[in-house]
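Colleague: Quick one: the structure is below, and I'll ask about it shortly.
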Amino acid sequence: MGIRERLSGNEATAIAMKQINPDVVAAFPITPSTEIPQYFSSFVADGVVDTEFIAVESEHSAMSACIGAQAAGGRAMTATSANGLAYMWEALYIAASSRLPIVLAAVNRALSGPINIHNDHSDTMGARDSGWIQIYSENNQEAYDNMLMAHRIGEHPDVMLPVMVCQDGFITSHAIENIELVEDEKVKAFVGEYKPAQYLLDRENPISVGPLDLQMHYFEHKRQQAQAMANAKKVILEVAEEFYKLTGRKYGLFEEYKTDDADVAIVVMNSTAGTVKYVVDQYRAKGLKVGLIKPRVFRPFPVDELAEALSKFKAVAVLDKADSFNAAGGPLFTEITSALFTKGIFGPKVINYIFGLGGRDVKADDIQVAYDKLLEIASTGKVDSVYNYLGVRE
Amino acid sequence: MSKKELRDVRPDVTWKDITPGGAIDSPGNAHLFRTGDWRSMKPVWNSEKCKQCLLCNPVCPDSSILVNEESKMTGIDYDHCKGCGICAKVCPFKAIDFVEEV
């Protein structure tokens, strides 16, 4: 039995980091993730962790310091949001392509501009092709649990990729909820020691990291990196299984909520899934067969598994908390429709809603709009509009 | 060339065998990179004019002036000479010609 607590998402993340006790944390404050390094630096000052805390002057330096520390053979962590993540951009790619399993707590916030501090997914969605594993969290408990699993996934010899654990800014990062923590010694045993095959401080086996890599070899390195991401899917499930044995909390690539006999489903990530569950329960009480699919792992994208899970519905609405500005739907929508097409699944009618940008409140009423539209599509078989915006003033 | 060096630089290494992240685990292997391909002008050593003063050796940026154990210049390493021409310029005896690469 774990420890019952009540914590905000940021506190829970900082406590996970305390229990992991990494070698290096390099971070720069940015709303709404500021509290994570703030709490963590107090653990450093109090001597309850052995971590070297580097108070850098920018996020570019934060990620660069993490890259150096991880390449040296240490375990490095950081936290950021929105423009801070954007400022890490080139270093994010270097971390992933150098195969350095850094762990980053990403507290989702709208990316400027216009400048905004509230939640949407435009920051991490922009980093979706950087080569990082991305795990999304509905609530504080999931943000904490995903953090505890992150190193095991990223550091696996078949993977060796950095991991971003995402949660919704303010909605989960600052809201205090009940949570069950794992005991310190159990976390220590679960996370284990970082033992890279190669590292810079190994004097017996010197290496060079990050060399110029041109036409002759670059492509092979990228192909190998792509394979690592494909391998991650299996590792994520193995680690989740082990975590389930430790805590009794079950995680997959995505969560299916009341989908068994559902005619229609919403697909949505992070905290909005909680609101959707509330609406699903209301509709179920009225006898309406609605369900929810909540992707937990966005990178690697569970292409086959999601397509299979969605194949049984008559209509599906994919809710994106970020726009792609491609005039053709949000990022989750385009990947899901692509997954269905390539698997030859043409049954479900799929529509897209861009919603909640810049922290626009998403109420049960908004979700009802989407479910009512889906039920209409399921009964008529007709889609009048594929690309839609939910909750914007028309 | 060691097995490790081979893995780092061989042109036919596959993505399955290449070192993860491009890390080089056989340090000191720059000699395997033939920068001589870059050359458009070429120094040509004339052993009869050469007085073995060795002024060319320390100015070569590519360590391409070959010197034997008796401290005698023996020639030019064309695998790595990029053809900058400093050796030809510095030679007091005009023992190094600087000609177009053909």
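Lettering and numbering for the structure tokens are positional, with chains as A, B, ... in the shown order, residues counted from 1 in each chain, and ligands counted from 1 in the shown order.
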Enumerate as a PDB file with all heavy atoms, in the first residue's frame all residues of range 8-57 of chain A assigned to alpha helix (DSSP H) by DSSP on the backbone, naming them with the chain letters and numbers the document uses.
Modeller:
ATOM      1  N   GLY A   9      -0.043  18.777  -9.354  1.00  0.00           N
ATOM      2  CA  GLY A   9       0.727  18.033 -10.360  1.00  0.00           C
ATOM      3  C   GLY A   9       2.201  18.393 -10.343  1.00  0.00           C
ATOM      4  O   GLY A   9       3.062  17.531 -10.520  1.00  0.00           O
ATOM      5  N   ASN A  10       2.490  19.659 -10.108  1.00  0.00           N
ATOM      6  CA  ASN A  10       3.890  20.078 -10.029  1.00  0.00           C
ATOM      7  C   ASN A  10       4.579  19.492  -8.800  1.00  0.00           C
ATOM      8  O   ASN A  10       5.726  19.046  -8.868  1.00  0.00           O
ATOM      9  CB  ASN A  10       3.992  21.612  -9.998  1.00  0.00           C
ATOM     10  CG  ASN A  10       3.907  22.222 -11.391  1.00  0.00           C
ATOM     11  OD1 ASN A  10       4.019  21.523 -12.396  1.00  0.00           O
ATOM     12  ND2 ASN A  10       3.701  23.528 -11.439  1.00  0.00           N
ATOM     13  N   GLU A  11       3.864  19.514  -7.668  1.00  0.00           N
ATOM     14  CA  GLU A  11       4.444  18.924  -6.442  1.00  0.00           C
ATOM     15  C   GLU A  11       4.700  17.431  -6.643  1.00  0.00           C
ATOM     16  O   GLU A  11       5.760  16.913  -6.258  1.00  0.00           O
ATOM     17  CB  GLU A  11       3.478  19.102  -5.259  1.00  0.00           C
ATOM     18  CG  GLU A  11       3.436  20.509  -4.675  1.00  0.00           C
ATOM     19  CD  GLU A  11       2.378  20.623  -3.580  1.00  0.00           C
ATOM     20  OE1 GLU A  11       1.232  20.191  -3.803  1.00  0.00           O
ATOM     21  OE2 GLU A  11       2.706  21.131  -2.502  1.00  0.00           O
ATOM     22  N   ALA A  12       3.717  16.768  -7.230  1.00  0.00           N
ATOM     23  CA  ALA A  12       3.836  15.318  -7.441  1.00  0.00           C
ATOM     24  C   ALA A  12       5.031  15.010  -8.340  1.00  0.00           C
ATOM     25  O   ALA A  12       5.792  14.061  -8.086  1.00  0.00           O
ATOM     26  CB  ALA A  12       2.550  14.778  -8.062  1.00  0.00           C
ATOM     27  N   THR A  13       5.224  15.836  -9.361  1.00  0.00           N
ATOM     28  CA  THR A  13       6.349  15.648 -10.282  1.00  0.00           C
ATOM     29  C   THR A  13       7.676  15.881  -9.554  1.00  0.00           C
ATOM     30  O   THR A  13       8.629  15.108  -9.712  1.00  0.00           O
ATOM     31  CB  THR A  13       6.219  16.607 -11.482  1.00  0.00           C
ATOM     32  OG1 THR A  13       4.983  16.309 -12.155  1.00  0.00           O
ATOM     33  CG2 THR A  13       7.371  16.462 -12.449  1.00  0.00           C
ATOM     34  N   ALA A  14       7.725  16.946  -8.756  1.00  0.00           N
ATOM     35  CA  ALA A  14       8.959  17.245  -8.012  1.00  0.00           C
ATOM     36  C   ALA A  14       9.277  16.114  -7.029  1.00  0.00           C
ATOM     37  O   ALA A  14      10.450  15.759  -6.841  1.00  0.00           O
ATOM     38  CB  ALA A  14       8.823  18.574  -7.282  1.00  0.00           C
ATOM     39  N   ILE A  15       8.236  15.551  -6.416  1.00  0.00           N
ATOM     40  CA  ILE A  15       8.466  14.455  -5.463  1.00  0.00           C
ATOM     41  C   ILE A  15       8.938  13.204  -6.202  1.00  0.00           C
ATOM     42  O   ILE A  15       9.847  12.505  -5.722  1.00  0.00           O
ATOM     43  CB  ILE A  15       7.206  14.208  -4.604  1.00  0.00           C
ATOM     44  CG1 ILE A  15       7.112  15.343  -3.573  1.00  0.00           C
ATOM     45  CG2 ILE A  15       7.242  12.835  -3.935  1.00  0.00           C
ATOM     46  CD1 ILE A  15       5.876  15.356  -2.733  1.00  0.00           C
ATOM     47  N   ALA A  16       8.383  12.968  -7.385  1.00  0.00           N
ATOM     48  CA  ALA A  16       8.885  11.844  -8.201  1.00  0.00           C
ATOM     49  C   ALA A  16      10.369  12.039  -8.490  1.00  0.00           C
ATOM     50  O   ALA A  16      11.167  11.103  -8.358  1.00  0.00           O
ATOM     51  CB  ALA A  16       8.096  11.745  -9.505  1.00  0.00           C
ATOM     52  N   MET A  17      10.745  13.274  -8.818  1.00  0.00           N
ATOM     53  CA  MET A  17      12.159  13.567  -9.113  1.00  0.00           C
ATOM     54  C   MET A  17      13.027  13.381  -7.873  1.00  0.00           C
ATOM     55  O   MET A  17      14.158  12.903  -7.960  1.00  0.00           O
ATOM     56  CB  MET A  17      12.305  14.984  -9.660  1.00  0.00           C
ATOM     57  CG  MET A  17      11.740  15.136 -11.069  1.00  0.00           C
ATOM     58  SD  MET A  17      11.567  16.859 -11.596  1.00  0.00           S
ATOM     59  CE  MET A  17      13.268  17.350 -11.779  1.00  0.00           C
ATOM     60  N   LYS A  18      12.475  13.743  -6.723  1.00  0.00           N
ATOM     61  CA  LYS A  18      13.216  13.548  -5.458  1.00  0.00           C
ATOM     62  C   LYS A  18      13.467  12.066  -5.232  1.00  0.00           C
ATOM     63  O   LYS A  18      14.573  11.656  -4.853  1.00  0.00           O
ATOM     64  CB  LYS A  18      12.411  14.143  -4.294  1.00  0.00           C
ATOM     65  CG  LYS A  18      13.119  14.015  -2.947  1.00  0.00           C
ATOM     66  CD  LYS A  18      12.296  14.603  -1.815  1.00  0.00           C
ATOM     67  CE  LYS A  18      11.253  13.621  -1.354  1.00  0.00           C
ATOM     68  NZ  LYS A  18      10.543  14.079  -0.139  1.00  0.00           N
ATOM     69  N   GLN A  19      12.445  11.273  -5.472  1.00  0.00           N
ATOM     70  CA  GLN A  19      12.580   9.828  -5.249  1.00  0.00           C
ATOM     71  C   GLN A  19      13.527   9.192  -6.262  1.00  0.00           C
ATOM     72  O   GLN A  19      14.240   8.251  -5.940  1.00  0.00           O
ATOM     73  CB  GLN A  19      11.200   9.170  -5.314  1.00  0.00           C
ATOM     74  CG  GLN A  19      10.288   9.619  -4.172  1.00  0.00           C
ATOM     75  CD  GLN A  19       8.898   8.992  -4.263  1.00  0.00           C
ATOM     76  OE1 GLN A  19       8.288   8.966  -5.324  1.00  0.00           O
ATOM     77  NE2 GLN A  19       8.401   8.484  -3.142  1.00  0.00           N
ATOM     78  N   ILE A  20      13.522   9.738  -7.491  1.00  0.00           N
ATOM     79  CA  ILE A  20      14.425   9.223  -8.533  1.00  0.00           C
ATOM     80  C   ILE A  20      15.866   9.633  -8.208  1.00  0.00           C
ATOM     81  O   ILE A  20      16.800   8.900  -8.474  1.00  0.00           O
ATOM     82  CB  ILE A  20      13.982   9.745  -9.922  1.00  0.00           C
ATOM     83  CG1 ILE A  20      12.647   9.104 -10.316  1.00  0.00           C
ATOM     84  CG2 ILE A  20      15.046   9.482 -10.988  1.00  0.00           C
ATOM     85  CD1 ILE A  20      11.879   9.851 -11.391  1.00  0.00           C
ATOM     86  N   GLU A  35       7.277  25.724 -10.611  1.00  0.00           N
ATOM     87  CA  GLU A  35       7.318  25.102  -9.274  1.00  0.00           C
ATOM     88  C   GLU A  35       8.148  23.826  -9.223  1.00  0.00           C
ATOM     89  O   GLU A  35       8.664  23.476  -8.165  1.00  0.00           O
ATOM     90  CB  GLU A  35       5.897  24.769  -8.817  1.00  0.00           C
ATOM     91  CG  GLU A  35       5.074  25.980  -8.460  1.00  0.00           C
ATOM     92  CD  GLU A  35       3.667  25.571  -8.079  1.00  0.00           C
ATOM     93  OE1 GLU A  35       3.197  24.509  -8.525  1.00  0.00           O
ATOM     94  OE2 GLU A  35       3.028  26.318  -7.314  1.00  0.00           O
ATOM     95  N   ILE A  36       8.266  23.141 -10.354  1.00  0.00           N
ATOM     96  CA  ILE A  36       8.982  21.852 -10.326  1.00  0.00           C
ATOM     97  C   ILE A  36      10.451  22.066  -9.947  1.00  0.00           C
ATOM     98  O   ILE A  36      10.911  21.507  -8.947  1.00  0.00           O
ATOM     99  CB  ILE A  36       8.801  21.073 -11.651  1.00  0.00           C
ATOM    100  CG1 ILE A  36       7.326  20.700 -11.827  1.00  0.00           C
ATOM    101  CG2 ILE A  36       9.678  19.831 -11.678  1.00  0.00           C
ATOM    102  CD1 ILE A  36       6.986  20.099 -13.191  1.00  0.00           C
ATOM    103  N   PRO A  37      11.197  22.882 -10.710  1.00  0.00           N
ATOM    104  CA  PRO A  37      12.573  23.148 -10.262  1.00  0.00           C
ATOM    105  C   PRO A  37      12.635  23.906  -8.931  1.00  0.00           C
ATOM    106  O   PRO A  37      13.607  23.755  -8.179  1.00  0.00           O
ATOM    107  CB  PRO A  37      13.183  23.982 -11.390  1.00  0.00           C
ATOM    108  CG  PRO A  37      12.060  24.427 -12.250  1.00  0.00           C
ATOM    109  CD  PRO A  37      10.940  23.465 -12.055  1.00  0.00           C
ATOM    110  N   GLN A  38      11.593  24.698  -8.649  1.00  0.00           N
ATOM    111  CA  GLN A  38      11.568  25.442  -7.373  1.00  0.00           C
ATOM    112  C   GLN A  38      11.503  24.464  -6.192  1.00  0.00           C
ATOM    113  O   GLN A  38      12.334  24.526  -5.276  1.00  0.00           O
ATOM    114  CB  GLN A  38      10.355  26.359  -7.356  1.00  0.00           C
ATOM    115  CG  GLN A  38      10.205  27.203  -6.101  1.00  0.00           C
ATOM    116  CD  GLN A  38       8.830  27.873  -6.050  1.00  0.00           C
ATOM    117  OE1 GLN A  38       8.302  28.297  -7.084  1.00  0.00           O
ATOM    118  NE2 GLN A  38       8.252  27.944  -4.876  1.00  0.00           N
ATOM    119  N   TYR A  39      10.547  23.542  -6.237  1.00  0.00           N
ATOM    120  CA  TYR A  39      10.467  22.539  -5.168  1.00  0.00           C
ATOM    121  C   TYR A  39      11.730  21.689  -5.137  1.00  0.00           C
ATOM    122  O   TYR A  39      12.271  21.390  -4.079  1.00  0.00           O
ATOM    123  CB  TYR A  39       9.264  21.602  -5.370  1.00  0.00           C
ATOM    124  CG  TYR A  39       7.916  22.257  -5.164  1.00  0.00           C
ATOM    125  CD1 TYR A  39       6.905  22.124  -6.113  1.00  0.00           C
ATOM    126  CD2 TYR A  39       7.623  22.984  -4.004  1.00  0.00           C
ATOM    127  CE1 TYR A  39       5.660  22.714  -5.932  1.00  0.00           C
ATOM    128  CE2 TYR A  39       6.384  23.570  -3.820  1.00  0.00           C
ATOM    129  CZ  TYR A  39       5.408  23.436  -4.795  1.00  0.00           C
ATOM    130  OH  TYR A  39       4.182  24.016  -4.617  1.00  0.00           O
ATOM    131  N   PHE A  40      12.200  21.336  -6.344  1.00  0.00           N
ATOM    132  CA  PHE A  40      13.345  20.437  -6.395  1.00  0.00           C
ATOM    133  C   PHE A  40      14.599  21.093  -5.839  1.00  0.00           C
ATOM    134  O   PHE A  40      15.386  20.446  -5.143  1.00  0.00           O
ATOM    135  CB  PHE A  40      13.598  19.935  -7.823  1.00  0.00           C
ATOM    136  CG  PHE A  40      14.572  18.800  -7.858  1.00  0.00           C
ATOM    137  CD1 PHE A  40      14.155  17.504  -7.584  1.00  0.00           C
ATOM    138  CD2 PHE A  40      15.924  19.019  -8.082  1.00  0.00           C
ATOM    139  CE1 PHE A  40      15.060  16.453  -7.558  1.00  0.00           C
ATOM    140  CE2 PHE A  40      16.832  17.976  -8.050  1.00  0.00           C
ATOM    141  CZ  PHE A  40      16.390  16.695  -7.786  1.00  0.00           C
ATOM    142  N   SER A  41      14.754  22.402  -6.105  1.00  0.00           N
ATOM    143  CA  SER A  41      15.956  23.069  -5.591  1.00  0.00           C
ATOM    144  C   SER A  41      15.926  23.139  -4.064  1.00  0.00           C
ATOM    145  O   SER A  41      16.976  23.163  -3.421  1.00  0.00           O
ATOM    146  CB  SER A  41      16.111  24.456  -6.207  1.00  0.00           C
ATOM    147  OG  SER A  41      15.002  25.263  -5.890  1.00  0.00           O
ATOM    148  N   SER A  42      14.704  23.136  -3.482  1.00  0.00           N
ATOM    149  CA  SER A  42      14.642  23.089  -2.009  1.00  0.00           C
ATOM    150  C   SER A  42      15.079  21.717  -1.489  1.00  0.00           C
ATOM    151  O   SER A  42      15.695  21.610  -0.439  1.00  0.00           O
ATOM    152  CB  SER A  42      13.244  23.467  -1.501  1.00  0.00           C
ATOM    153  OG  SER A  42      12.322  22.452  -1.789  1.00  0.00           O
ATOM    154  N   PHE A  43      14.784  20.663  -2.259  1.00  0.00           N
ATOM    155  CA  PHE A  43      15.276  19.329  -1.857  1.00  0.00           C
ATOM    156  C   PHE A  43      16.805  19.304  -1.908  1.00  0.00           C
ATOM    157  O   PHE A  43      17.459  18.679  -1.068  1.00  0.00           O
ATOM    158  CB  PHE A  43      14.731  18.223  -2.782  1.00  0.00           C
ATOM    159  CG  PHE A  43      13.228  18.122  -2.825  1.00  0.00           C
ATOM    160  CD1 PHE A  43      12.569  17.830  -4.006  1.00  0.00           C
ATOM    161  CD2 PHE A  43      12.465  18.322  -1.674  1.00  0.00           C
ATOM    162  CE1 PHE A  43      11.184  17.729  -4.066  1.00  0.00           C
ATOM    163  CE2 PHE A  43      11.079  18.226  -1.721  1.00  0.00           C
ATOM    164  CZ  PHE A  43      10.446  17.926  -2.907  1.00  0.00           C
ATOM    165  N   VAL A  44      17.356  19.979  -2.925  1.00  0.00           N
ATOM    166  CA  VAL A  44      18.823  20.041  -3.061  1.00  0.00           C
ATOM    167  C   VAL A  44      19.402  20.803  -1.870  1.00  0.00           C
ATOM    168  O   VAL A  44      20.348  20.355  -1.211  1.00  0.00           O
ATOM    169  CB  VAL A  44      19.233  20.705  -4.397  1.00  0.00           C
ATOM    170  CG1 VAL A  44      20.749  20.887  -4.476  1.00  0.00           C
ATOM    171  CG2 VAL A  44      18.734  19.885  -5.581  1.00  0.00           C
ATOM    172  N   ALA A  45      18.787  21.972  -1.566  1.00  0.00           N
ATOM    173  CA  ALA A  45      19.286  22.817  -0.466  1.00  0.00           C
ATOM    174  C   ALA A  45      19.178  22.095   0.872  1.00  0.00           C
ATOM    175  O   ALA A  45      20.033  22.255   1.743  1.00  0.00           O
ATOM    176  CB  ALA A  45      18.504  24.125  -0.426  1.00  0.00           C
TER     177      ALA A  45
END
Colleague: I want to know what sits within 9 Å of range 389-391 of chain A, based on only C-alpha atoms, with residues of the same chain fewer than 3 positions away left out; could you give that as a PDB file with N, CA and C atoms, in the first residue's frame?
Modeller:
ATOM      1  N   LEU A 319     -10.340  15.194 -30.646  1.00  0.00           N
ATOM      2  CA  LEU A 319     -10.231  16.536 -30.074  1.00  0.00           C
ATOM      3  C   LEU A 319      -8.754  16.918 -29.939  1.00  0.00           C
ATOM      4  N   ASN A 352     -12.965  16.215 -36.659  1.00  0.00           N
ATOM      5  CA  ASN A 352     -11.954  16.852 -35.821  1.00  0.00           C
ATOM      6  C   ASN A 352     -12.526  18.101 -35.147  1.00  0.00           C
ATOM      7  N   TYR A 353     -12.169  18.254 -33.888  1.00  0.00           N
ATOM      8  CA  TYR A 353     -12.445  19.514 -33.197  1.00  0.00           C
ATOM      9  C   TYR A 353     -11.133  20.059 -32.640  1.00  0.00           C
ATOM     10  N   ILE A 354     -10.820  21.293 -32.987  1.00  0.00           N
ATOM     11  CA  ILE A 354      -9.744  22.002 -32.292  1.00  0.00           C
ATOM     12  C   ILE A 354     -10.434  22.694 -31.125  1.00  0.00           C
ATOM     13  N   PHE A 355      -9.883  22.544 -29.918  1.00  0.00           N
ATOM     14  CA  PHE A 355     -10.596  23.065 -28.745  1.00  0.00           C
ATOM     15  C   PHE A 355      -9.615  23.621 -27.715  1.00  0.00           C
ATOM     16  N   GLY A 356     -10.132  24.441 -26.828  1.00  0.00           N
ATOM     17  CA  GLY A 356      -9.410  24.824 -25.616  1.00  0.00           C
ATOM     18  C   GLY A 356      -8.113  25.579 -25.815  1.00  0.00           C
ATOM     19  N   ARG A 360      -8.736  28.209 -22.959  1.00  0.00           N
ATOM     20  CA  ARG A 360     -10.189  28.369 -23.004  1.00  0.00           C
ATOM     21  C   ARG A 360     -10.831  27.201 -22.250  1.00  0.00           C
ATOM     22  N   ASP A 361     -11.699  27.557 -21.302  1.00  0.00           N
ATOM     23  CA  ASP A 361     -12.294  26.534 -20.437  1.00  0.00           C
ATOM     24  C   ASP A 361     -13.103  25.532 -21.270  1.00  0.00           C
ATOM     25  N   VAL A 362     -12.927  24.266 -20.961  1.00  0.00           N
ATOM     26  CA  VAL A 362     -13.657  23.212 -21.660  1.00  0.00           C
ATOM     27  C   VAL A 362     -14.644  22.610 -20.679  1.00  0.00           C
ATOM     28  N   ASP A 366     -19.484  21.699 -23.688  1.00  0.00           N
ATOM     29  CA  ASP A 366     -18.714  21.638 -24.934  1.00  0.00           C
ATOM     30  C   ASP A 366     -18.579  20.183 -25.408  1.00  0.00           C
ATOM     31  N   ILE A 367     -18.316  19.317 -24.460  1.00  0.00           N
ATOM     32  CA  ILE A 367     -18.155  17.898 -24.805  1.00  0.00           C
ATOM     33  C   ILE A 367     -19.486  17.338 -25.322  1.00  0.00           C
ATOM     34  N   VAL A 369     -21.677  18.910 -27.036  1.00  0.00           N
ATOM     35  CA  VAL A 369     -21.807  19.333 -28.444  1.00  0.00           C
ATOM     36  C   VAL A 369     -21.169  18.285 -29.352  1.00  0.00           C
ATOM     37  N   ALA A 370     -19.974  17.837 -28.956  1.00  0.00           N
ATOM     38  CA  ALA A 370     -19.261  16.856 -29.776  1.00  0.00           C
ATOM     39  C   ALA A 370     -19.987  15.516 -29.803  1.00  0.00           C
ATOM     40  N   GLU A 394     -18.248  32.278 -32.552  1.00  0.00           N
ATOM     41  CA  GLU A 394     -18.429  32.350 -34.018  1.00  0.00           C
ATOM     42  C   GLU A 394     -18.948  33.729 -34.419  1.00  0.00           C
TER      43      GLU A 394
END
Colleague: Compile the residues of chain B that lie within 12 Å of chain A, evaluated using only C-alpha atoms, and express the compilation as a list in words.
Modeller: Lys4, Glu5, Arg7, Asp8, Val9, Arg10, Pro11, Asp12, Val13, Thr14, Trp15, Lys16, Asp17, Ile18, Thr19, Pro20, Gly21, Gly22, Ala23, Ile24, Asp25, Ser26, Pro27, Gly28, Asn29, Ala30 and Phe33 of chain B
Colleague: Taking the DSSP assignment computed from this structure's backbone, write out as a ChimeraX atom specification all residues of chain B that belong to strand (DSSP E).
Modeller: /B:41-45,65-67,73-76,96-100
Colleague: How far is it from CA of Met73 in chain B to CA of Leu54 in chain B, in Å with one decimal?
Modeller: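 We find that CA of Met73 in chain B and CA of Leu54 in chain B lie 7.0 Å from each other.
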Colleague: Select, from B:Asp79, B:Cys84, B:Val90, B:Asp97, the residue with the minimum atom-to-atom distance to Asp37 in chain B, counting only C-alpha atoms.
Modeller: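 That would be B:Asp79, the residue with the smallest distance to Asp37 in chain B.
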Colleague: Kindly indicate which residue among B:Ser40, B:Trp45, B:Lys89, B:Lys51 lies nearest to Asp77 in chain B, using only C-alpha atoms for the distances.
Modeller: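 Smallest separation from Asp77 in chain B among the options: B:Trp45.
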